[in-house]
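Have a look at the structure below before the remarks.
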Amino acid sequence: MPKISVIIPCYNISNYIEECLNSFLNQTYTDFEMICVDDGSTDDTAEIIEAYVKKDNRISLIRQSNQYAGVARNNGMKYAKGEYLLFFDGDDFCDQDLLYKMVTSAQKYHSDIVACDIRNYDNVTGEYIDTVAYLRTSYVHEFEDRGTISYRDIPDSILTFAFSGPPNKLFRRKFIEREGLLFQSSKRDNDEYFVCLSMVLAEKISWVPEKLMTYRINNPASLQGFGEAKIDVEDIISTARHLKAGLEERGRYETVKLSFMNQILIRYVGLVEAQRSFSNFEKVYNFVKNIVIPEFGIDGMAEDDMISKVEERRQIMSGNAAEYLFWKMKKLQAGNGEQFPFPFRQITKYHKIAIYGAGNVGRSYYRQLKKHSNYEIVGWYDAKAAVLKNLEGPTTDPGEITPGVADKIVIAIEEKKAAMAVKELLLSKGIAEEAIVWQIM
């Protein structure tokens, strides 16, 4: 019996499915099967897969009428023989060591779930982007020696620790069957219930802090492209309601409530901003403002309890769709097109600047500072300095930070809890509090 069952829902992805299949056939770990479930494709996706089936007996094809990815994944599970399950997407692809490193972690720690990090691939520009936080290892530093966590360890962030989709996670099959977990049949977000509930139910979650899979963005064929003429908002919220009900039925909602609200806020702000037509944007904006935010208690969240999207929530609750777009435009102008404007107002009379953090925010700050001759970047620090690649400039380990190294050290981390932990670290090194800046605009 194969150790791993890779289940891939497929719908009209003839341009991408070969790259996906080849990335698995090139794996260094070979003890797996691939179950491709064609969801009623109208192009030649199924025919391409059939050709692969004839060449490699590890690949099989199941056909169904168009019922969306959740039903396809459930059907794939019925035929799976592996000890572990990986639910991948047919328009994405992975590194050759994905299966080896994931199953090694699962066996070492007896994990119910293993999560890895992700890089993005822009389908339009052909560029790789690795700045998005799909795995927030800063949440689990104190558990690195143990190697695993559960919802009891990080109840306030268990649902924001990792990407809420399934393709970067390996699931132990007996755990999934014991908990009776299935994907929903909705058109969009049919994986939210399965993934988030499993993260809360798992007794042992381990992680591989490497970008082992590549997620294709700006892909018009993907549902995440948000390109449909009319978006179904009721379909969207049904998944969140189902997740909340599932957490309540399992008696864990109150424990992870804060994490749930943050996950919903991040997800729905992202949904608003991803729309490609104003009619859809306005429809989703009003729905999030008038239904989602009050229904899930997000309007009552203290800002100190929000890990990100603080200003976005404030803008949504106080204005309308057009005003929100205007605010986003002004924000981009302030950052010269960057999503995170550098807090120049707090450091106008200082010249030697150090940046702490080389993720989305840090890279944006670095680019903005490089355009201003009045400022000298004297340090760029990140705990992952040894493995970071494709940066605009060199990063060094935070252990090298000393008092007086810069006039101001700017913390380039969006999440408040993580940013405050960095601030405490800097203070412990003797950095004066007035020399530390954190302001996410």
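Starting from 1 in every chain, residues are counted up; chains themselves are A, B, ... following the order of the structure tokens, and ligands are numbered from 1 as listed.
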Would you list, as a ChimeraX atom specification, the residues of range 268-376 of chain A that end up in strand (DSSP E or B) under DSSP run on this structure's backbone?
/A:352-356,376
How about saving the chosen residues, N, CA, C and O atoms kept, as an mmCIF file, in the first residue's frame?
```
data_model
loop_
_atom_site.group_PDB
_atom_site.id
_atom_site.type_symbol
_atom_site.label_atom_id
_atom_site.label_comp_id
_atom_site.auth_asym_id
_atom_site.auth_seq_id
_atom_site.Cartn_x
_atom_site.Cartn_y
_atom_site.Cartn_z
ATOM 1 N N LYS A 352 20.173 57.386 10.007
ATOM 2 C CA LYS A 352 20.641 56.003 10.001
ATOM 3 C C LYS A 352 19.516 55.088 10.490
ATOM 4 O O LYS A 352 19.131 55.132 11.656
ATOM 5 N N ILE A 353 19.015 54.270 9.550
ATOM 6 C CA ILE A 353 17.839 53.449 9.833
ATOM 7 C C ILE A 353 18.192 51.975 9.714
ATOM 8 O O ILE A 353 18.888 51.560 8.776
ATOM 9 N N ALA A 354 17.714 51.176 10.661
ATOM 10 C CA ALA A 354 17.810 49.718 10.574
ATOM 11 C C ALA A 354 16.385 49.165 10.470
ATOM 12 O O ALA A 354 15.441 49.712 11.054
ATOM 13 N N ILE A 355 16.235 48.110 9.718
ATOM 14 C CA ILE A 355 14.938 47.454 9.536
ATOM 15 C C ILE A 355 15.002 46.079 10.176
ATOM 16 O O ILE A 355 15.966 45.330 9.981
ATOM 17 N N TYR A 356 13.976 45.742 10.950
ATOM 18 C CA TYR A 356 13.879 44.396 11.522
ATOM 19 C C TYR A 356 12.699 43.699 10.853
ATOM 20 O O TYR A 356 11.554 44.061 11.045
ATOM 21 N N GLU A 376 20.091 56.480 5.387
ATOM 22 C CA GLU A 376 21.077 55.430 5.175
ATOM 23 C C GLU A 376 20.604 54.169 5.885
ATOM 24 O O GLU A 376 20.328 54.187 7.093
#
```
Give me, as a Markdown table, each residue of range 248-353 of chain A that comes within 9 Å of range 181-203 of chain A, together with its shortest interatomic pair and the distance in Å at one decimal, counting only C-alpha atoms, with rows ordered by chain and rising residue number.
```
| residue | atom | partner | partner_atom | distance |
| --- | --- | --- | --- | --- |
| A:Arg250 | CA | A:Leu201 | CA | 8.4 |
| A:Arg252 | CA | A:Val200 | CA | 7.8 |
| A:Val256 | CA | A:Val200 | CA | 8.0 |
| A:Phe260 | CA | A:Cys196 | CA | 8.9 |
```
Given the selection you just returned, output its residues as a file containing N, CA, C and O atoms, formatted as a PDB file, in the first residue's frame.
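Resulting contents of part22.pdb:
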```pdb
ATOM      1  N   ARG A 250     -17.820  20.676  18.752  1.00  0.00           N
ATOM      2  CA  ARG A 250     -16.681  19.957  19.346  1.00  0.00           C
ATOM      3  C   ARG A 250     -16.262  20.572  20.687  1.00  0.00           C
ATOM      4  O   ARG A 250     -15.302  20.113  21.300  1.00  0.00           O
ATOM      5  N   ARG A 252     -14.924  23.541  21.315  1.00  0.00           N
ATOM      6  CA  ARG A 252     -13.646  24.245  21.297  1.00  0.00           C
ATOM      7  C   ARG A 252     -13.744  25.681  20.786  1.00  0.00           C
ATOM      8  O   ARG A 252     -12.733  26.364  20.679  1.00  0.00           O
ATOM      9  N   VAL A 256     -10.805  28.906  21.071  1.00  0.00           N
ATOM     10  CA  VAL A 256     -10.096  29.443  19.898  1.00  0.00           C
ATOM     11  C   VAL A 256     -10.844  30.610  19.266  1.00  0.00           C
ATOM     12  O   VAL A 256     -10.565  30.986  18.126  1.00  0.00           O
ATOM     13  N   PHE A 260     -10.321  32.401  15.656  1.00  0.00           N
ATOM     14  CA  PHE A 260     -11.377  32.303  14.637  1.00  0.00           C
ATOM     15  C   PHE A 260     -11.729  33.678  14.086  1.00  0.00           C
ATOM     16  O   PHE A 260     -11.820  33.872  12.870  1.00  0.00           O
TER      17      PHE A 260
END
```
For the interface of range 118-225 of chain A with range 413-423 of chain A (cut-off 12 Å, counting only C-alpha atoms), please tabulate each contacting residue of range 118-225 of chain A alongside its nearest pair of atoms and their separation in Å to one decimal, rows sorted by chain and increasing number, as a Markdown table.
```
| residue | atom | partner | partner_atom | distance |
| --- | --- | --- | --- | --- |
| A:Thr131 | CA | A:Ile413 | CA | 11.8 |
| A:Val132 | CA | A:Glu414 | CA | 11.2 |
| A:Ala133 | CA | A:Glu414 | CA | 10.3 |
| A:Arg136 | CA | A:Ala418 | CA | 9.6 |
| A:Thr137 | CA | A:Ala418 | CA | 10.3 |
| A:Ser138 | CA | A:Ala418 | CA | 6.9 |
| A:Tyr139 | CA | A:Ala418 | CA | 7.7 |
| A:Val140 | CA | A:Ala418 | CA | 11.0 |
| A:His141 | CA | A:Ala418 | CA | 11.1 |
| A:Asp156 | CA | A:Lys417 | CA | 10.6 |
| A:Ser157 | CA | A:Lys417 | CA | 10.1 |
| A:Thr160 | CA | A:Glu415 | CA | 10.7 |
| A:Phe161 | CA | A:Glu415 | CA | 11.6 |
```
Kindly export the residues of the current selection with C-alpha atoms, as a compact mmCIF listing (two decimals), in the first residue's frame.
```
# COMPACT_ATOMS: atom_id res chain seq x y z
CA THR A 131 7.17 37.25 0.85
CA VAL A 132 3.70 36.14 1.92
CA ALA A 133 3.49 34.51 5.36
CA ARG A 136 4.07 31.86 10.75
CA THR A 137 6.88 30.10 12.55
CA SER A 138 7.23 33.04 14.95
CA TYR A 139 4.15 31.63 16.71
CA VAL A 140 5.88 28.37 17.57
CA HIS A 141 9.49 29.26 18.40
CA ASP A 156 -5.30 32.58 19.99
CA SER A 157 -3.43 31.87 16.76
CA THR A 160 -3.69 31.88 11.61
CA PHE A 161 -0.51 29.85 12.19
```
Please provide the set of residues having any atom within 10 Å of range 328-333 of chain A, restricted to only C-alpha atoms, with same-chain residues fewer than 6 positions apart removed, written as a PyMOL selection string.
chain A and resi 273+312+315+322+339-341+441
Write a file of the just-selected residues containing N, CA and C atoms, as a compact mmCIF listing (two decimals), in the first residue's frame.
```
# COMPACT_ATOMS: atom_id res chain seq x y z
N GLU A 273 -10.74 42.78 -1.23
CA GLU A 273 -9.71 43.42 -2.03
C GLU A 273 -9.34 42.62 -3.28
N GLU A 312 -7.83 48.29 8.17
CA GLU A 312 -8.83 47.85 7.21
C GLU A 312 -10.19 47.70 7.87
N GLN A 315 -11.65 51.13 8.55
CA GLN A 315 -12.15 51.78 7.34
C GLN A 315 -13.46 51.15 6.87
N ALA A 322 -16.71 53.08 -1.92
CA ALA A 322 -15.93 54.08 -2.65
C ALA A 322 -14.89 54.73 -1.74
N GLN A 339 2.37 48.59 -0.75
CA GLN A 339 1.20 48.32 0.10
C GLN A 339 1.40 48.82 1.52
N PHE A 340 2.65 48.84 1.99
CA PHE A 340 2.94 49.25 3.37
C PHE A 340 3.79 50.51 3.36
N PRO A 341 3.19 51.69 3.46
CA PRO A 341 3.98 52.94 3.47
C PRO A 341 4.93 52.98 4.65
N MET A 441 0.83 51.18 8.56
CA MET A 441 -0.21 52.06 8.00
C MET A 441 -1.10 51.28 7.05
```
Please identify all polymer residues within 10 Å of Arg146 in chain A, counting only C-alpha atoms, omitting same-chain residues fewer than 4 positions from it, and present them as an MDAnalysis selection string.
chainID A and resid 109 142 206
Atoms kept (N, CA, C and O atoms) for selection, written as a CSV table (one decimal), in the first residue's frame:
```csv
chain,number,residue,atom,x,y,z
A,109,TYR,N,7.5,12.8,14.4
A,109,TYR,CA,6.7,13.4,15.5
A,109,TYR,C,5.3,12.7,15.7
A,109,TYR,O,4.6,13.2,16.6
A,142,GLU,N,8.8,28.8,20.7
A,142,GLU,CA,9.1,28.2,22.0
A,142,GLU,C,8.8,26.7,22.0
A,142,GLU,O,9.1,26.0,23.0
A,206,SER,N,3.0,19.2,13.3
A,206,SER,CA,4.4,19.6,13.1
A,206,SER,C,4.6,20.4,11.9
A,206,SER,O,3.6,20.6,11.2
```
DSSP on the backbone: what in range 167-416 of chain A comes out helix (DSSP H, G or I), as a ChimeraX atom specification?
/A:173-179,192-201,223-225,233-249,253-274,278-295,298-300,303-305,310-318,321-334,344-346,360-370,398-400,416
So that each row is one residue of range 69-182 of chain A with an atom at most 12 Å from range 20-41 of chain A, can you give its shortest atom pair and the distance in Å to one decimal, using only C-alpha atoms, rows by chain and rising number, as a Markdown table?
```
| residue | atom | partner | partner_atom | distance |
| --- | --- | --- | --- | --- |
| A:Ala69 | CA | A:Asp39 | CA | 7.2 |
| A:Gly70 | CA | A:Asp39 | CA | 10.0 |
| A:Val71 | CA | A:Asp39 | CA | 8.7 |
| A:Ala72 | CA | A:Val37 | CA | 5.7 |
| A:Arg73 | CA | A:Val37 | CA | 7.4 |
| A:Asn74 | CA | A:Val37 | CA | 9.7 |
| A:Asn75 | CA | A:Val37 | CA | 7.6 |
| A:Gly76 | CA | A:Ile35 | CA | 6.2 |
| A:Met77 | CA | A:Ile35 | CA | 8.7 |
| A:Lys78 | CA | A:Ile35 | CA | 10.3 |
| A:Tyr79 | CA | A:Ile35 | CA | 7.9 |
| A:Ala80 | CA | A:Ile35 | CA | 7.5 |
| A:Lys81 | CA | A:Glu33 | CA | 8.2 |
| A:Gly82 | CA | A:Phe32 | CA | 7.3 |
| A:Glu83 | CA | A:Phe32 | CA | 9.7 |
| A:Tyr84 | CA | A:Phe32 | CA | 9.3 |
| A:Leu85 | CA | A:Phe32 | CA | 9.7 |
| A:Leu86 | CA | A:Met34 | CA | 9.4 |
| A:Phe87 | CA | A:Ile35 | CA | 9.7 |
| A:Phe88 | CA | A:Cys20 | CA | 9.1 |
| A:Asp89 | CA | A:Cys20 | CA | 8.2 |
| A:Gly90 | CA | A:Cys20 | CA | 5.9 |
| A:Asp91 | CA | A:Cys20 | CA | 6.4 |
| A:Asp92 | CA | A:Cys20 | CA | 5.8 |
| A:Phe93 | CA | A:Cys20 | CA | 4.6 |
| A:Cys94 | CA | A:Ser23 | CA | 5.7 |
| A:Asp95 | CA | A:Ser23 | CA | 6.8 |
| A:Gln96 | CA | A:Gln27 | CA | 4.3 |
| A:Asp97 | CA | A:Thr28 | CA | 5.8 |
| A:Leu98 | CA | A:Gln27 | CA | 7.3 |
| A:Leu99 | CA | A:Tyr29 | CA | 6.0 |
| A:Tyr100 | CA | A:Tyr29 | CA | 5.0 |
| A:Lys101 | CA | A:Tyr29 | CA | 8.8 |
| A:Met102 | CA | A:Tyr29 | CA | 10.1 |
| A:Val103 | CA | A:Tyr29 | CA | 9.0 |
| A:Thr104 | CA | A:Tyr29 | CA | 10.1 |
```
Between CA of Ala334 in chain A and CA of Gly319 in chain A lies a distance of 20.1 Å
My list of candidates is A:Leu388, A:Ile4, A:Ala302, A:Val378. Which is closest to Glu210 in chain A when distances are computed with only C-alpha atoms?
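The shortest atom-to-atom distance to Glu210 in chain A comes from A:Leu388.
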Name the residues in contact with His351 in chain A at a cut-off of 12 Å, using only C-alpha atoms, excluding same-chain residues fewer than 3 positions from it; report them as a ChimeraX atom specification.
/A:344,346-348,354,369,372-378,405-409
Can you write just those residues out, N, CA and C atoms, as an mmCIF file, in the first residue's frame?
```
data_model
loop_
_atom_site.group_PDB
_atom_site.id
_atom_site.type_symbol
_atom_site.label_atom_id
_atom_site.label_comp_id
_atom_site.auth_asym_id
_atom_site.auth_seq_id
_atom_site.Cartn_x
_atom_site.Cartn_y
_atom_site.Cartn_z
ATOM 1 N N PHE A 344 7.572 57.433 7.654
ATOM 2 C CA PHE A 344 8.533 58.542 7.586
ATOM 3 C C PHE A 344 8.239 59.619 8.628
ATOM 4 N N GLN A 346 7.512 59.482 11.606
ATOM 5 C CA GLN A 346 8.071 59.210 12.930
ATOM 6 C C GLN A 346 9.595 59.332 12.961
ATOM 7 N N ILE A 347 10.227 59.467 11.809
ATOM 8 C CA ILE A 347 11.696 59.453 11.809
ATOM 9 C C ILE A 347 12.287 60.567 10.942
ATOM 10 N N THR A 348 11.543 61.657 10.775
ATOM 11 C CA THR A 348 11.958 62.688 9.818
ATOM 12 C C THR A 348 13.338 63.283 10.106
ATOM 13 N N ALA A 354 17.714 51.176 10.661
ATOM 14 C CA ALA A 354 17.810 49.718 10.574
ATOM 15 C C ALA A 354 16.385 49.165 10.470
ATOM 16 N N LEU A 369 12.974 53.102 1.329
ATOM 17 C CA LEU A 369 14.128 53.803 1.878
ATOM 18 C C LEU A 369 15.234 53.985 0.846
ATOM 19 N N HIS A 372 15.244 57.207 -1.099
ATOM 20 C CA HIS A 372 15.438 58.486 -0.412
ATOM 21 C C HIS A 372 16.900 58.624 -0.007
ATOM 22 N N SER A 373 17.560 59.577 -0.583
ATOM 23 C CA SER A 373 18.983 59.786 -0.295
ATOM 24 C C SER A 373 19.228 60.347 1.103
ATOM 25 N N ASN A 374 18.170 60.833 1.763
ATOM 26 C CA ASN A 374 18.323 61.394 3.106
ATOM 27 C C ASN A 374 18.500 60.320 4.175
ATOM 28 N N TYR A 375 18.267 59.067 3.800
ATOM 29 C CA TYR A 375 18.325 57.999 4.792
ATOM 30 C C TYR A 375 19.369 56.966 4.397
ATOM 31 N N GLU A 376 20.091 56.480 5.387
ATOM 32 C CA GLU A 376 21.077 55.430 5.175
ATOM 33 C C GLU A 376 20.604 54.169 5.885
ATOM 34 N N ILE A 377 20.499 53.068 5.144
ATOM 35 C CA ILE A 377 20.118 51.790 5.746
ATOM 36 C C ILE A 377 21.385 51.151 6.315
ATOM 37 N N VAL A 378 21.472 51.102 7.642
ATOM 38 C CA VAL A 378 22.687 50.597 8.287
ATOM 39 C C VAL A 378 22.538 49.153 8.756
ATOM 40 N N VAL A 405 23.453 51.092 17.028
ATOM 41 C CA VAL A 405 23.683 50.664 15.654
ATOM 42 C C VAL A 405 22.947 51.544 14.655
ATOM 43 N N ALA A 406 21.847 52.183 15.108
ATOM 44 C CA ALA A 406 21.060 53.038 14.211
ATOM 45 C C ALA A 406 20.354 54.113 15.026
ATOM 46 N N ASP A 407 19.984 55.191 14.345
ATOM 47 C CA ASP A 407 19.175 56.218 15.017
ATOM 48 C C ASP A 407 17.793 55.670 15.354
ATOM 49 N N LYS A 408 17.245 54.892 14.418
ATOM 50 C CA LYS A 408 15.949 54.263 14.627
ATOM 51 C C LYS A 408 15.984 52.840 14.085
ATOM 52 N N ILE A 409 15.414 51.912 14.828
ATOM 53 C CA ILE A 409 15.197 50.551 14.340
ATOM 54 C C ILE A 409 13.703 50.406 14.086
#
```
Grab the CA of Leu135 in chain A to CA of Arg313 in chain A distance for me, in Å with one decimal place.
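We find that CA of Leu135 in chain A and CA of Arg313 in chain A lie 23.0 Å from each other.
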What is the CA of Arg172 in chain A to CA of Thr45 in chain A distance in Å?
28.9 Å
Residue contacts of range 267-272 of chain A (7 Å, only C-alpha atoms) excluding same-chain residues fewer than 5 positions away, as a PyMOL selection string
chain A and resi 281+284-285+288
Could those selected residues go to a file with all heavy atoms, as a compact mmCIF listing (two decimals), in the first residue's frame?
```
# COMPACT_ATOMS: atom_id res chain seq x y z
N PHE A 281 -16.97 44.19 -5.98
CA PHE A 281 -16.29 44.79 -4.84
C PHE A 281 -17.30 45.42 -3.89
O PHE A 281 -17.26 45.20 -2.67
CB PHE A 281 -15.30 45.85 -5.33
CG PHE A 281 -14.61 46.61 -4.22
CD1 PHE A 281 -13.48 46.10 -3.62
CD2 PHE A 281 -15.13 47.81 -3.76
CE1 PHE A 281 -12.85 46.79 -2.59
CE2 PHE A 281 -14.52 48.50 -2.72
CZ PHE A 281 -13.37 47.99 -2.14
N VAL A 284 -19.46 42.70 -2.11
CA VAL A 284 -18.75 41.97 -1.06
C VAL A 284 -18.43 42.90 0.11
O VAL A 284 -18.55 42.52 1.28
CB VAL A 284 -17.47 41.32 -1.61
CG1 VAL A 284 -16.69 40.65 -0.49
CG2 VAL A 284 -17.82 40.32 -2.70
N TYR A 285 -18.03 44.13 -0.20
CA TYR A 285 -17.72 45.11 0.84
C TYR A 285 -18.93 45.30 1.76
O TYR A 285 -18.81 45.23 3.00
CB TYR A 285 -17.34 46.44 0.21
CG TYR A 285 -17.10 47.58 1.19
CD1 TYR A 285 -15.82 47.86 1.65
CD2 TYR A 285 -18.17 48.34 1.68
CE1 TYR A 285 -15.61 48.89 2.56
CE2 TYR A 285 -17.96 49.36 2.60
CZ TYR A 285 -16.68 49.63 3.03
OH TYR A 285 -16.48 50.65 3.94
N VAL A 288 -19.60 42.18 3.87
CA VAL A 288 -18.65 42.04 4.98
C VAL A 288 -18.96 43.05 6.07
O VAL A 288 -18.95 42.71 7.27
CB VAL A 288 -17.20 42.20 4.47
CG1 VAL A 288 -16.22 42.30 5.63
CG2 VAL A 288 -16.83 41.04 3.55
```
Return the single residue from A:Leu243, A:Leu426, A:Ile231, A:Val6 that is closest to Asn168 in chain A, with distances computed using only C-alpha atoms.
A:Val6
List as a list in words the protein and nucleic acid residues near Ser364 in chain A, meaning an atom at most 9 Å away when only C-alpha atoms are counted, but skip any in the same chain fewer than 3 places from it.
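With the cut-off at 9 Å, the set is Gly335, Glu338, Gln339, Phe340, Pro341, Phe342, Ala358, Gly359, Asn360, Val361, Arg367, Gln368, Leu369 and Ala412 of chain A.
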Export N, CA and C atoms of the chosen residues as a short mmCIF file (atom, residue, chain, number, x, y, z; two decimals), in the first residue's frame?
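Resulting contents of again09.cif:
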```
data_model
loop_
_atom_site.label_atom_id
_atom_site.label_comp_id
_atom_site.auth_asym_id
_atom_site.auth_seq_id
_atom_site.Cartn_x
_atom_site.Cartn_y
_atom_site.Cartn_z
N GLY A 335 2.98 55.24 -0.14
CA GLY A 335 4.08 54.29 -0.23
C GLY A 335 4.67 54.19 -1.61
N GLU A 338 3.67 51.09 -2.93
CA GLU A 338 3.89 49.98 -2.01
C GLU A 338 2.67 49.83 -1.08
N GLN A 339 2.37 48.59 -0.75
CA GLN A 339 1.20 48.32 0.10
C GLN A 339 1.40 48.82 1.52
N PHE A 340 2.65 48.84 1.99
CA PHE A 340 2.94 49.25 3.37
C PHE A 340 3.79 50.51 3.36
N PRO A 341 3.19 51.69 3.46
CA PRO A 341 3.98 52.94 3.47
C PRO A 341 4.93 52.98 4.65
N PHE A 342 6.16 53.39 4.40
CA PHE A 342 7.15 53.51 5.47
C PHE A 342 6.74 54.67 6.40
N ALA A 358 12.17 40.89 7.16
CA ALA A 358 12.40 40.86 5.72
C ALA A 358 11.28 40.14 4.98
N GLY A 359 10.07 40.23 5.54
CA GLY A 359 8.91 39.69 4.86
C GLY A 359 8.29 40.73 3.96
N ASN A 360 6.97 40.65 3.78
CA ASN A 360 6.27 41.63 2.94
C ASN A 360 6.56 43.06 3.34
N VAL A 361 6.42 43.33 4.64
CA VAL A 361 6.58 44.70 5.13
C VAL A 361 8.03 45.14 5.01
N ARG A 367 12.62 48.96 -0.06
CA ARG A 367 12.53 49.60 -1.38
C ARG A 367 12.25 51.09 -1.26
N GLN A 368 11.38 51.46 -0.31
CA GLN A 368 11.05 52.87 -0.14
C GLN A 368 12.24 53.67 0.38
N LEU A 369 12.97 53.10 1.33
CA LEU A 369 14.13 53.80 1.88
C LEU A 369 15.23 53.99 0.85
N ALA A 412 9.49 45.89 10.99
CA ALA A 412 8.72 45.70 9.77
C ALA A 412 7.94 44.40 9.83
#
```
